[in-house]
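What follows is the content of structure04.pdb, which has PDB, C-alpha atoms:
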ATOM      1  CA  MET A   1      -2.258 -16.972   2.531  1.00  0.00           C
ATOM      2  CA  LYS A   2      -5.161 -19.092   3.690  1.00  0.00           C
ATOM      3  CA  LEU A   3      -6.020 -16.576   6.405  1.00  0.00           C
ATOM      4  CA  PHE A   4      -6.585 -13.655   4.065  1.00  0.00           C
ATOM      5  CA  PHE A   5      -8.512 -15.407   1.285  1.00  0.00           C
ATOM      6  CA  PRO A   6     -11.972 -14.503   2.695  1.00  0.00           C
ATOM      7  CA  ILE A   7     -10.920 -10.861   2.947  1.00  0.00           C
ATOM      8  CA  TYR A   8      -9.945 -10.813  -0.730  1.00  0.00           C
ATOM      9  CA  GLU A   9     -13.227 -12.524  -1.619  1.00  0.00           C
ATOM     10  CA  SER A  10     -15.189  -9.975   0.415  1.00  0.00           C
ATOM     11  CA  LEU A  11     -13.436  -7.037  -1.230  1.00  0.00           C
ATOM     12  CA  ALA A  12     -14.011  -8.493  -4.686  1.00  0.00           C
ATOM     13  CA  SER A  13     -17.701  -9.041  -3.965  1.00  0.00           C
ATOM     14  CA  VAL A  14     -18.156  -5.491  -2.645  1.00  0.00           C
ATOM     15  CA  ILE A  15     -16.447  -4.126  -5.760  1.00  0.00           C
ATOM     16  CA  ILE A  16     -18.646  -6.241  -8.019  1.00  0.00           C
ATOM     17  CA  ILE A  17     -21.818  -5.222  -6.168  1.00  0.00           C
ATOM     18  CA  CYS A  18     -20.782  -1.550  -6.480  1.00  0.00           C
ATOM     19  CA  LEU A  19     -20.185  -2.149 -10.173  1.00  0.00           C
ATOM     20  CA  ASP A  20     -23.678  -3.598 -10.418  1.00  0.00           C
ATOM     21  CA  TRP A  21     -25.078  -0.495  -8.718  1.00  0.00           C
ATOM     22  CA  LEU A  22     -23.249   1.701 -11.258  1.00  0.00           C
ATOM     23  CA  ILE A  23     -24.671  -0.373 -14.098  1.00  0.00           C
ATOM     24  CA  HIS A  24     -28.166   0.044 -12.665  1.00  0.00           C
ATOM     25  CA  ARG A  25     -27.706   3.749 -11.875  1.00  0.00           C
ATOM     26  CA  PHE A  26     -26.383   4.838 -15.266  1.00  0.00           C
ATOM     27  CA  ASN A  27     -28.261   2.249 -17.379  1.00  0.00           C
ATOM     28  CA  LEU A  28     -25.041   0.874 -18.840  1.00  0.00           C
ATOM     29  CA  PHE A  29     -24.820  -2.695 -20.085  1.00  0.00           C
ATOM     30  CA  ILE A  30     -28.289  -3.534 -18.748  1.00  0.00           C
ATOM     31  CA  GLN A  31     -28.108  -7.043 -20.205  1.00  0.00           C
ATOM     32  CA  TYR A  32     -25.201  -7.891 -17.861  1.00  0.00           C
ATOM     33  CA  GLN A  33     -26.761  -6.475 -14.689  1.00  0.00           C
ATOM     34  CA  THR A  34     -28.190  -9.720 -13.326  1.00  0.00           C
ATOM     35  CA  ILE A  35     -25.026 -11.683 -14.134  1.00  0.00           C
ATOM     36  CA  VAL A  36     -22.854  -9.147 -12.301  1.00  0.00           C
ATOM     37  CA  LEU A  37     -25.228  -9.158  -9.321  1.00  0.00           C
ATOM     38  CA  ILE A  38     -25.217 -12.962  -9.156  1.00  0.00           C
ATOM     39  CA  ILE A  39     -21.401 -13.039  -9.272  1.00  0.00           C
ATOM     40  CA  GLY A  40     -21.145 -10.398  -6.516  1.00  0.00           C
ATOM     41  CA  VAL A  41     -23.615 -12.108  -4.214  1.00  0.00           C
ATOM     42  CA  GLY A  42     -22.018 -15.486  -4.951  1.00  0.00           C
ATOM     43  CA  LEU A  43     -18.599 -14.182  -3.963  1.00  0.00           C
ATOM     44  CA  LEU A  44     -20.045 -12.685  -0.801  1.00  0.00           C
ATOM     45  CA  ILE A  45     -21.612 -16.041   0.115  1.00  0.00           C
ATOM     46  CA  LEU A  46     -18.324 -17.803  -0.707  1.00  0.00           C
ATOM     47  CA  ALA A  47     -16.454 -15.381   1.574  1.00  0.00           C
ATOM     48  CA  ALA A  48     -18.889 -16.073   4.424  1.00  0.00           C
ATOM     49  CA  ILE A  49     -18.505 -19.832   3.952  1.00  0.00           C
ATOM     50  CA  SER A  50     -14.704 -19.475   3.861  1.00  0.00           C
ATOM     51  CA  VAL A  51     -14.679 -17.513   7.112  1.00  0.00           C
ATOM     52  CA  TYR A  52     -16.924 -20.130   8.697  1.00  0.00           C
ATOM     53  CA  LEU A  53     -14.718 -23.029   7.567  1.00  0.00           C
ATOM     54  CA  LEU A  54     -11.481 -21.307   8.592  1.00  0.00           C
ATOM     55  CA  SER A  55     -12.824 -20.277  11.991  1.00  0.00           C
ATOM     56  CA  ARG A  56     -14.664 -23.538  12.742  1.00  0.00           C
ATOM     57  CA  LYS A  57     -11.667 -25.328  14.256  1.00  0.00           C
ATOM     58  CA  ARG A  58      -9.984 -22.367  15.870  1.00  0.00           C
ATOM     59  CA  GLY A  59     -12.865 -20.059  16.690  1.00  0.00           C
ATOM     60  CA  PHE A  60     -13.744 -16.692  15.259  1.00  0.00           C
ATOM     61  CA  GLY A  61     -11.812 -14.827  17.973  1.00  0.00           C
ATOM     62  CA  ASN A  62      -8.606 -16.700  17.145  1.00  0.00           C
ATOM     63  CA  TYR A  63      -9.197 -16.057  13.440  1.00  0.00           C
ATOM     64  CA  CYS A  64      -9.468 -12.306  14.030  1.00  0.00           C
ATOM     65  CA  LYS A  65      -6.446 -12.393  16.344  1.00  0.00           C
ATOM     66  CA  SER A  66      -4.484 -14.196  13.618  1.00  0.00           C
ATOM     67  CA  LEU A  67      -5.331 -11.464  11.127  1.00  0.00           C
ATOM     68  CA  ASN A  68      -4.423  -8.680  13.532  1.00  0.00           C
ATOM     69  CA  ASP A  69      -1.155 -10.212  14.728  1.00  0.00           C
ATOM     70  CA  SER A  70      -0.100 -11.095  11.172  1.00  0.00           C
ATOM     71  CA  CYS A  71      -0.407  -7.435  10.208  1.00  0.00           C
ATOM     72  CA  ARG A  72       1.513  -6.392  13.326  1.00  0.00           C
ATOM     73  CA  LEU A  73       4.332  -8.861  12.568  1.00  0.00           C
ATOM     74  CA  ARG A  74       4.599  -7.651   8.976  1.00  0.00           C
ATOM     75  CA  SER A  75       4.851  -4.033  10.060  1.00  0.00           C
ATOM     76  CA  PHE A  76       7.485  -5.028  12.634  1.00  0.00           C
ATOM     77  CA  LEU A  77       9.614  -6.794  10.005  1.00  0.00           C
ATOM     78  CA  ARG A  78       9.129  -4.202   7.268  1.00  0.00           C
ATOM     79  CA  GLN A  79      12.225  -2.265   6.204  1.00  0.00           C
ATOM     80  CA  GLN A  80      11.679   1.464   5.726  1.00  0.00           C
ATOM     81  CA  ASN A  81      12.932   3.286   2.633  1.00  0.00           C
ATOM     82  CA  THR A  82      16.002   5.449   3.037  1.00  0.00           C
ATOM     83  CA  ILE A  83      15.835   9.085   1.977  1.00  0.00           C
ATOM     84  CA  ASN A  84      18.397  10.595  -0.369  1.00  0.00           C
ATOM     85  CA  ASP A  85      19.956  13.674   1.245  1.00  0.00           C
ATOM     86  CA  PHE A  86      20.262  15.650  -1.979  1.00  0.00           C
ATOM     87  CA  THR A  87      16.866  15.059  -3.588  1.00  0.00           C
ATOM     88  CA  SER A  88      14.778  14.292  -0.462  1.00  0.00           C
ATOM     89  CA  LYS A  89      13.253  11.331  -2.287  1.00  0.00           C
ATOM     90  CA  ALA A  90      13.252   7.681  -1.303  1.00  0.00           C
ATOM     91  CA  LYS A  91      16.135   5.625  -2.671  1.00  0.00           C
ATOM     92  CA  VAL A  92      15.206   2.620  -4.754  1.00  0.00           C
ATOM     93  CA  ASN A  93      16.720  -0.477  -3.193  1.00  0.00           C
ATOM     94  CA  LEU A  94      15.830  -3.666  -5.048  1.00  0.00           C
ATOM     95  CA  ASP A  95      16.906  -5.975  -2.213  1.00  0.00           C
ATOM     96  CA  GLN A  96      14.717  -4.068   0.214  1.00  0.00           C
ATOM     97  CA  ARG A  97      11.733  -4.306  -2.125  1.00  0.00           C
ATOM     98  CA  ILE A  98      12.214  -8.061  -2.506  1.00  0.00           C
ATOM     99  CA  TYR A  99      12.434  -8.415   1.276  1.00  0.00           C
ATOM    100  CA  ASN A 100       9.279  -6.341   1.877  1.00  0.00           C
ATOM    101  CA  SER A 101       7.324  -8.155  -0.827  1.00  0.00           C
ATOM    102  CA  ALA A 102       8.169 -11.530   0.736  1.00  0.00           C
ATOM    103  CA  LEU A 103       6.568 -10.337   3.970  1.00  0.00           C
ATOM    104  CA  TRP A 104       3.120 -10.501   2.357  1.00  0.00           C
ATOM    105  CA  TYR A 105       3.307 -14.289   2.682  1.00  0.00           C
ATOM    106  CA  THR A 106       4.146 -14.157   6.391  1.00  0.00           C
ATOM    107  CA  TYR A 107       1.320 -14.988   8.758  1.00  0.00           C
ATOM    108  CA  ILE A 108       0.413 -16.167  12.259  1.00  0.00           C
ATOM    109  CA  ASP A 109      -2.184 -18.911  12.698  1.00  0.00           C
ATOM    110  CA  TYR A 110      -3.734 -19.390  16.147  1.00  0.00           C
ATOM    111  CA  ALA A 111      -5.573 -22.598  16.987  1.00  0.00           C
ATOM    112  CA  GLU A 112      -7.219 -23.582  20.275  1.00  0.00           C
ATOM    113  CA  ASP A 113      -4.113 -25.025  21.908  1.00  0.00           C
ATOM    114  CA  SER A 114      -1.279 -24.131  19.528  1.00  0.00           C
ATOM    115  CA  MET A 115      -0.029 -21.458  17.180  1.00  0.00           C
ATOM    116  CA  GLU A 116       2.119 -21.396  14.082  1.00  0.00           C
ATOM    117  CA  VAL A 117       4.104 -18.537  12.611  1.00  0.00           C
ATOM    118  CA  ARG A 118       5.191 -18.832   8.974  1.00  0.00           C
ATOM    119  CA  VAL A 119       7.797 -16.363   7.757  1.00  0.00           C
ATOM    120  CA  CYS A 120       8.446 -16.400   4.019  1.00  0.00           C
ATOM    121  CA  ILE A 121      12.093 -16.574   2.964  1.00  0.00           C
ATOM    122  CA  PRO A 122      12.952 -14.099   0.168  1.00  0.00           C
ATOM    123  CA  ASN A 123      14.575 -15.362  -3.032  1.00  0.00           C
ATOM    124  CA  ASN A 124      17.375 -12.779  -2.960  1.00  0.00           C
ATOM    125  CA  PHE A 125      20.570 -13.510  -0.985  1.00  0.00           C
ATOM    126  CA  LYS A 126      20.873 -10.035   0.550  1.00  0.00           C
ATOM    127  CA  ALA A 127      17.197  -9.958   1.463  1.00  0.00           C
ATOM    128  CA  LYS A 128      17.532 -13.398   3.047  1.00  0.00           C
ATOM    129  CA  LYS A 129      20.514 -12.140   5.022  1.00  0.00           C
ATOM    130  CA  VAL A 130      18.393  -9.276   6.423  1.00  0.00           C
ATOM    131  CA  LEU A 131      15.692 -11.751   7.419  1.00  0.00           C
ATOM    132  CA  ASP A 132      18.238 -14.068   9.047  1.00  0.00           C
ATOM    133  CA  SER A 133      19.452 -11.193  11.219  1.00  0.00           C
ATOM    134  CA  ASN A 134      15.865 -10.674  12.452  1.00  0.00           C
ATOM    135  CA  LEU A 135      15.048 -14.323  13.242  1.00  0.00           C
ATOM    136  CA  ASP A 136      15.753 -14.037  16.978  1.00  0.00           C
ATOM    137  CA  ASN A 137      13.611 -10.911  17.213  1.00  0.00           C
ATOM    138  CA  ILE A 138      10.639 -12.630  15.581  1.00  0.00           C
ATOM    139  CA  ALA A 139      10.133 -15.107  18.446  1.00  0.00           C
ATOM    140  CA  GLN A 140      10.346 -12.288  20.997  1.00  0.00           C
ATOM    141  CA  GLU A 141       7.924 -10.106  19.046  1.00  0.00           C
ATOM    142  CA  VAL A 142       5.366 -12.879  18.620  1.00  0.00           C
ATOM    143  CA  SER A 143       5.574 -13.826  22.294  1.00  0.00           C
ATOM    144  CA  SER A 144       4.876 -10.190  23.187  1.00  0.00           C
ATOM    145  CA  TYR A 145       1.536 -10.378  21.332  1.00  0.00           C
ATOM    146  CA  THR A 146       0.068 -12.893  23.748  1.00  0.00           C
ATOM    147  CA  ASP A 147       0.856 -14.439  27.138  1.00  0.00           C
ATOM    148  CA  LYS A 148      -0.984 -17.673  26.396  1.00  0.00           C
ATOM    149  CA  TYR A 149       1.567 -19.279  24.050  1.00  0.00           C
ATOM    150  CA  ILE A 150       5.222 -20.215  24.372  1.00  0.00           C
ATOM    151  CA  CYS A 151       7.034 -19.887  21.049  1.00  0.00           C
ATOM    152  CA  SER A 152       9.818 -22.337  20.156  1.00  0.00           C
ATOM    153  CA  GLY A 153      12.781 -21.894  17.833  1.00  0.00           C
ATOM    154  CA  HIS A 154      12.377 -21.882  14.091  1.00  0.00           C
ATOM    155  CA  THR A 155      12.694 -24.691  11.595  1.00  0.00           C
ATOM    156  CA  ARG A 156      12.903 -24.369   7.849  1.00  0.00           C
ATOM    157  CA  LYS A 157      10.294 -26.057   5.694  1.00  0.00           C
ATOM    158  CA  GLY A 158      10.408 -25.241   1.998  1.00  0.00           C
ATOM    159  CA  SER A 159      10.453 -21.497   1.546  1.00  0.00           C
ATOM    160  CA  PHE A 160       9.243 -20.706   5.081  1.00  0.00           C
ATOM    161  CA  TYR A 161      10.717 -20.448   8.543  1.00  0.00           C
ATOM    162  CA  ILE A 162       8.182 -21.961  10.905  1.00  0.00           C
ATOM    163  CA  TYR A 163       7.836 -21.140  14.585  1.00  0.00           C
ATOM    164  CA  LYS A 164       5.526 -23.338  16.618  1.00  0.00           C
ATOM    165  CA  GLY A 165       3.987 -22.402  19.908  1.00  0.00           C
ATOM    166  CA  GLU A 166       2.074 -24.331  22.534  1.00  0.00           C
ATOM    167  CA  LYS A 167      -0.440 -23.046  25.019  1.00  0.00           C
ATOM    168  CA  LYS A 168       0.843 -22.573  28.566  1.00  0.00           C
TER     169      LYS A 168
END
Is it possible to give me this structure as structure tokens?
Amino acid sequence: MKLFFPIYESLASVIIICLDWLIHRFNLFIQYQTIVLIIGVGLLILAAISVYLLSRKRGFGNYCKSLNDSCRLRSFLRQQNTINDFTSKAKVNLDQRIYNSALWYTYIDYAEDSMEVRVCIPNNFKAKKVLDSNLDNIAQEVSSYTDKYICSGHTRKGSFYIYKGEKK
């Protein structure tokens, strides 16, 4: 999840700065106001440094494209809930939830002359079986995102399937 760490830092810093504003506005816990402000600003600076370090080698455009295409790939792989005909409510399927939660660790990383797609393998056998049926579609979907890269077949490394792509 190295791509999304600065986004989490930015959200945390905005929340902390808003909390500091509430402390100042309603005169609550005045003694902690400067500490909360320093933490919020520090996290915001840390997020900016993280974005700079992550985008230094690949460029800011590739970083943003990685974020966008990772979200698109997750929504492509996501399994929708089935609706019960009698109650009109979504059925609870544990295997489907495990599969969808494993997708949060799936991401695409674009560099200047290469790309890497990491798809997290779920721990459940049935969820893994669903993912295995979609493996051929993943390469086609990723190659439809951009014309610049040619995506190869997948290899397994630890708990990820990894697709590598080279620039044309």
List, as an mmCIF file with C-alpha atoms, in the frame of the given file, every residue that the PyMOL selection byres ((chain A and resi 158) around 12) selects in the file provided.
data_model
loop_
_atom_site.group_PDB
_atom_site.id
_atom_site.type_symbol
_atom_site.label_atom_id
_atom_site.label_comp_id
_atom_site.auth_asym_id
_atom_site.auth_seq_id
_atom_site.Cartn_x
_atom_site.Cartn_y
_atom_site.Cartn_z
ATOM 1 C CA ARG A 118 5.191 -18.832 8.974
ATOM 2 C CA VAL A 119 7.797 -16.363 7.757
ATOM 3 C CA CYS A 120 8.446 -16.400 4.019
ATOM 4 C CA ILE A 121 12.093 -16.574 2.964
ATOM 5 C CA PRO A 122 12.952 -14.099 0.168
ATOM 6 C CA ASN A 123 14.575 -15.362 -3.032
ATOM 7 C CA THR A 155 12.694 -24.691 11.595
ATOM 8 C CA ARG A 156 12.903 -24.369 7.849
ATOM 9 C CA LYS A 157 10.294 -26.057 5.694
ATOM 10 C CA SER A 159 10.453 -21.497 1.546
ATOM 11 C CA PHE A 160 9.243 -20.706 5.081
ATOM 12 C CA TYR A 161 10.717 -20.448 8.543
ATOM 13 C CA ILE A 162 8.182 -21.961 10.905
#
- Query: At what distance in Å, to one decimal, does CA of Asp136 (chain A) lie from CA of Tyr99 (chain A)?
  - Reply: 17.0 Å
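Proximity of A:Ile45, A:Ala12, A:Val117, A:Leu19 to Asp69 (chain A), computed with all atoms listed in the file, is greatest for A:Val117.
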With a distance cut-off of 7 Å and all atoms listed in the file, select the neighbouring residues of Arg58 (chain A), excluding the residue or stretch itself and same-chain residues fewer than 6 positions from it, and output the selection as a short mmCIF file (atom, residue, chain, number, x, y, z; two decimals) with C-alpha atoms, keeping the file's coordinate frame.
data_model
loop_
_atom_site.label_atom_id
_atom_site.label_comp_id
_atom_site.auth_asym_id
_atom_site.auth_seq_id
_atom_site.Cartn_x
_atom_site.Cartn_y
_atom_site.Cartn_z
CA TYR A 110 -3.73 -19.39 16.15
CA ALA A 111 -5.57 -22.60 16.99
CA GLU A 112 -7.22 -23.58 20.27
#
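Atom pair CA of Ile17 (chain A) / CA of Leu37 (chain A) has a distance of 6.1 Å (rounded to one decimal).
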- Selected by the PyMOL selection byres ((chain A and resi 102) around 12) in the shown coordinates: which residues, as a PyMOL selection string? chain A and resi 1+74+77-79+95-101+103-107+118-124+127-128+130-131+159-160
Could those selected residues go to a file with C-alpha atoms, as a short mmCIF file (atom, residue, chain, number, x, y, z; two decimals), in the coordinates of the input?
data_model
loop_
_atom_site.label_atom_id
_atom_site.label_comp_id
_atom_site.auth_asym_id
_atom_site.auth_seq_id
_atom_site.Cartn_x
_atom_site.Cartn_y
_atom_site.Cartn_z
CA MET A 1 -2.26 -16.97 2.53
CA ARG A 74 4.60 -7.65 8.98
CA LEU A 77 9.61 -6.79 10.01
CA ARG A 78 9.13 -4.20 7.27
CA GLN A 79 12.22 -2.26 6.20
CA ASP A 95 16.91 -5.98 -2.21
CA GLN A 96 14.72 -4.07 0.21
CA ARG A 97 11.73 -4.31 -2.12
CA ILE A 98 12.21 -8.06 -2.51
CA TYR A 99 12.43 -8.41 1.28
CA ASN A 100 9.28 -6.34 1.88
CA SER A 101 7.32 -8.15 -0.83
CA LEU A 103 6.57 -10.34 3.97
CA TRP A 104 3.12 -10.50 2.36
CA TYR A 105 3.31 -14.29 2.68
CA THR A 106 4.15 -14.16 6.39
CA TYR A 107 1.32 -14.99 8.76
CA ARG A 118 5.19 -18.83 8.97
CA VAL A 119 7.80 -16.36 7.76
CA CYS A 120 8.45 -16.40 4.02
CA ILE A 121 12.09 -16.57 2.96
CA PRO A 122 12.95 -14.10 0.17
CA ASN A 123 14.58 -15.36 -3.03
CA ASN A 124 17.38 -12.78 -2.96
CA ALA A 127 17.20 -9.96 1.46
CA LYS A 128 17.53 -13.40 3.05
CA VAL A 130 18.39 -9.28 6.42
CA LEU A 131 15.69 -11.75 7.42
CA SER A 159 10.45 -21.50 1.55
CA PHE A 160 9.24 -20.71 5.08
#
- Can you give me, as a PyMOL selection string, the residues this file yields under the PyMOL selection byres ((chain A and resi 63) around 12)? chain A and resi 2-4+6-7+50-62+64-70+107-112+115
The centre and edge lengths of an axis-aligned box containing all atoms of region 115-134 of chain A present in the file, extended by 8 Å on each side, are to be given in Å to one decimal, as lines of an AutoDock Vina configuration file.
center_x = 10.4
center_y = -15.4
center_z = 7.1
size_x = 36.9
size_y = 28.2
size_z = 36.2
Neighbour list for Ile138 (chain A) as a PDB file with C-alpha atoms, keeping the file's coordinate frame, cut-off 8 Å, all atoms listed in the file, skip fewer than 4 positions in-chain:
ATOM      1  CA  LEU A  73       4.332  -8.861  12.568  1.00  0.00           C
ATOM      2  CA  ASN A 134      15.865 -10.674  12.452  1.00  0.00           C
ATOM      3  CA  VAL A 142       5.366 -12.879  18.620  1.00  0.00           C
TER       4      VAL A 142
END
- Record the distance separating CA of Phe29 (chain A) and CA of Ile15 (chain A), expressed in Å with one decimal. 16.7 Å
- Message: When you count only C-alpha atoms, which of these residues is closest to Val14 (chain A): A:Ile39, A:Ala139, A:Leu94, A:Ile150?
- Response: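 Among the listed residues, A:Ile39 lies closest to Val14 (chain A).
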- Query: Quick one: residues within 12 Å of Thr34 (chain A), all atoms listed in the file counted, chain neighbours fewer than 6 positions away excluded, as a PyMOL selection string?
  - Reply: chain A and resi 16-17+19-21+23-24+40-42
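The protein and nucleic acid residues lying at most 8 Å from Leu44 (chain A) are Glu9, Ser10, Ser13 and Val14 of chain A, with only C-alpha atoms considered and sequence neighbours fewer than 6 positions away removed.
Shortest atom-to-atom contact with Phe76 (chain A) among A:Tyr145, A:Cys151, A:Ala47, A:Asp113: A:Tyr145, counting all atoms listed in the file.
Considering the residues A:Glu141, A:Phe26, A:Ile38, A:Tyr32 and counting only C-alpha atoms, Ser75 (chain A) has its shortest atom-to-atom contact with A:Glu141.
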Any chance you could build region 155-164 of chain A out to all heavy atoms and write it as a PDB file, keeping the file's coordinate frame?
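rebuild11.pdb written:
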ATOM      1  N   THR A 155      12.224 -23.640  12.489  1.00  0.00           N
ATOM      2  CA  THR A 155      12.694 -24.691  11.595  1.00  0.00           C
ATOM      3  C   THR A 155      12.381 -24.243  10.176  1.00  0.00           C
ATOM      4  O   THR A 155      11.450 -23.473   9.960  1.00  0.00           O
ATOM      5  CB  THR A 155      11.996 -26.040  11.857  1.00  0.00           C
ATOM      6  OG1 THR A 155      10.588 -25.866  11.714  1.00  0.00           O
ATOM      7  CG2 THR A 155      12.299 -26.549  13.248  1.00  0.00           C
ATOM      8  N   ARG A 156      13.151 -24.734   9.239  1.00  0.00           N
ATOM      9  CA  ARG A 156      12.903 -24.369   7.849  1.00  0.00           C
ATOM     10  C   ARG A 156      12.138 -25.488   7.161  1.00  0.00           C
ATOM     11  O   ARG A 156      12.495 -26.660   7.257  1.00  0.00           O
ATOM     12  CB  ARG A 156      14.210 -24.117   7.117  1.00  0.00           C
ATOM     13  CG  ARG A 156      13.971 -23.687   5.700  1.00  0.00           C
ATOM     14  CD  ARG A 156      15.212 -23.308   4.984  1.00  0.00           C
ATOM     15  NE  ARG A 156      14.858 -22.962   3.613  1.00  0.00           N
ATOM     16  CZ  ARG A 156      15.600 -22.237   2.821  1.00  0.00           C
ATOM     17  NH1 ARG A 156      16.743 -21.778   3.266  1.00  0.00           N
ATOM     18  NH2 ARG A 156      15.208 -21.985   1.602  1.00  0.00           N
ATOM     19  N   LYS A 157      11.083 -25.103   6.464  1.00  0.00           N
ATOM     20  CA  LYS A 157      10.294 -26.057   5.694  1.00  0.00           C
ATOM     21  C   LYS A 157       9.962 -25.396   4.362  1.00  0.00           C
ATOM     22  O   LYS A 157       9.150 -24.484   4.310  1.00  0.00           O
ATOM     23  CB  LYS A 157       9.023 -26.439   6.439  1.00  0.00           C
ATOM     24  CG  LYS A 157       8.220 -27.512   5.748  1.00  0.00           C
ATOM     25  CD  LYS A 157       7.031 -27.912   6.584  1.00  0.00           C
ATOM     26  CE  LYS A 157       6.247 -29.004   5.881  1.00  0.00           C
ATOM     27  NZ  LYS A 157       5.061 -29.366   6.639  1.00  0.00           N
ATOM     28  N   GLY A 158      10.618 -25.840   3.307  1.00  0.00           N
ATOM     29  CA  GLY A 158      10.408 -25.241   1.998  1.00  0.00           C
ATOM     30  C   GLY A 158      10.913 -23.814   1.969  1.00  0.00           C
ATOM     31  O   GLY A 158      12.069 -23.543   2.276  1.00  0.00           O
ATOM     32  N   SER A 159      10.052 -22.900   1.618  1.00  0.00           N
ATOM     33  CA  SER A 159      10.453 -21.497   1.546  1.00  0.00           C
ATOM     34  C   SER A 159       9.933 -20.690   2.736  1.00  0.00           C
ATOM     35  O   SER A 159       9.729 -19.493   2.634  1.00  0.00           O
ATOM     36  CB  SER A 159       9.967 -20.881   0.243  1.00  0.00           C
ATOM     37  OG  SER A 159       8.565 -20.943   0.190  1.00  0.00           O
ATOM     38  N   PHE A 160       9.730 -21.369   3.873  1.00  0.00           N
ATOM     39  CA  PHE A 160       9.243 -20.706   5.081  1.00  0.00           C
ATOM     40  C   PHE A 160      10.091 -21.098   6.283  1.00  0.00           C
ATOM     41  O   PHE A 160      10.572 -22.227   6.379  1.00  0.00           O
ATOM     42  CB  PHE A 160       7.792 -21.103   5.384  1.00  0.00           C
ATOM     43  CG  PHE A 160       6.782 -20.520   4.453  1.00  0.00           C
ATOM     44  CD1 PHE A 160       6.339 -21.227   3.351  1.00  0.00           C
ATOM     45  CD2 PHE A 160       6.275 -19.257   4.675  1.00  0.00           C
ATOM     46  CE1 PHE A 160       5.407 -20.691   2.494  1.00  0.00           C
ATOM     47  CE2 PHE A 160       5.334 -18.707   3.818  1.00  0.00           C
ATOM     48  CZ  PHE A 160       4.916 -19.431   2.726  1.00  0.00           C
ATOM     49  N   TYR A 161      10.265 -20.145   7.194  1.00  0.00           N
ATOM     50  CA  TYR A 161      10.717 -20.448   8.543  1.00  0.00           C
ATOM     51  C   TYR A 161       9.454 -20.605   9.376  1.00  0.00           C
ATOM     52  O   TYR A 161       8.565 -19.763   9.335  1.00  0.00           O
ATOM     53  CB  TYR A 161      11.571 -19.321   9.130  1.00  0.00           C
ATOM     54  CG  TYR A 161      12.949 -19.217   8.528  1.00  0.00           C
ATOM     55  CD1 TYR A 161      13.397 -18.030   7.977  1.00  0.00           C
ATOM     56  CD2 TYR A 161      13.813 -20.308   8.537  1.00  0.00           C
ATOM     57  CE1 TYR A 161      14.663 -17.912   7.456  1.00  0.00           C
ATOM     58  CE2 TYR A 161      15.076 -20.202   8.006  1.00  0.00           C
ATOM     59  CZ  TYR A 161      15.499 -19.010   7.459  1.00  0.00           C
ATOM     60  OH  TYR A 161      16.751 -18.906   6.923  1.00  0.00           O
ATOM     61  N   ILE A 162       9.385 -21.683  10.143  1.00  0.00           N
ATOM     62  CA  ILE A 162       8.182 -21.961  10.905  1.00  0.00           C
ATOM     63  C   ILE A 162       8.508 -21.964  12.390  1.00  0.00           C
ATOM     64  O   ILE A 162       9.426 -22.650  12.841  1.00  0.00           O
ATOM     65  CB  ILE A 162       7.581 -23.326  10.509  1.00  0.00           C
ATOM     66  CG1 ILE A 162       7.201 -23.319   9.031  1.00  0.00           C
ATOM     67  CG2 ILE A 162       6.380 -23.654  11.367  1.00  0.00           C
ATOM     68  CD1 ILE A 162       6.731 -24.628   8.510  1.00  0.00           C
ATOM     69  N   TYR A 163       7.777 -21.159  13.124  1.00  0.00           N
ATOM     70  CA  TYR A 163       7.836 -21.140  14.585  1.00  0.00           C
ATOM     71  C   TYR A 163       6.562 -21.802  15.087  1.00  0.00           C
ATOM     72  O   TYR A 163       5.480 -21.469  14.630  1.00  0.00           O
ATOM     73  CB  TYR A 163       7.884 -19.707  15.113  1.00  0.00           C
ATOM     74  CG  TYR A 163       9.117 -18.947  14.771  1.00  0.00           C
ATOM     75  CD1 TYR A 163       9.236 -18.276  13.558  1.00  0.00           C
ATOM     76  CD2 TYR A 163      10.181 -18.880  15.658  1.00  0.00           C
ATOM     77  CE1 TYR A 163      10.365 -17.567  13.241  1.00  0.00           C
ATOM     78  CE2 TYR A 163      11.312 -18.151  15.345  1.00  0.00           C
ATOM     79  CZ  TYR A 163      11.401 -17.508  14.137  1.00  0.00           C
ATOM     80  OH  TYR A 163      12.521 -16.813  13.815  1.00  0.00           O
ATOM     81  N   LYS A 164       6.701 -22.703  16.037  1.00  0.00           N
ATOM     82  CA  LYS A 164       5.526 -23.338  16.618  1.00  0.00           C
ATOM     83  C   LYS A 164       5.434 -22.935  18.072  1.00  0.00           C
ATOM     84  O   LYS A 164       6.439 -22.806  18.763  1.00  0.00           O
ATOM     85  CB  LYS A 164       5.601 -24.859  16.492  1.00  0.00           C
ATOM     86  CG  LYS A 164       5.561 -25.281  15.039  1.00  0.00           C
ATOM     87  CD  LYS A 164       5.148 -26.695  14.906  1.00  0.00           C
ATOM     88  CE  LYS A 164       5.135 -27.000  13.415  1.00  0.00           C
ATOM     89  NZ  LYS A 164       4.053 -27.779  13.009  1.00  0.00           N
TER      90      LYS A 164
END
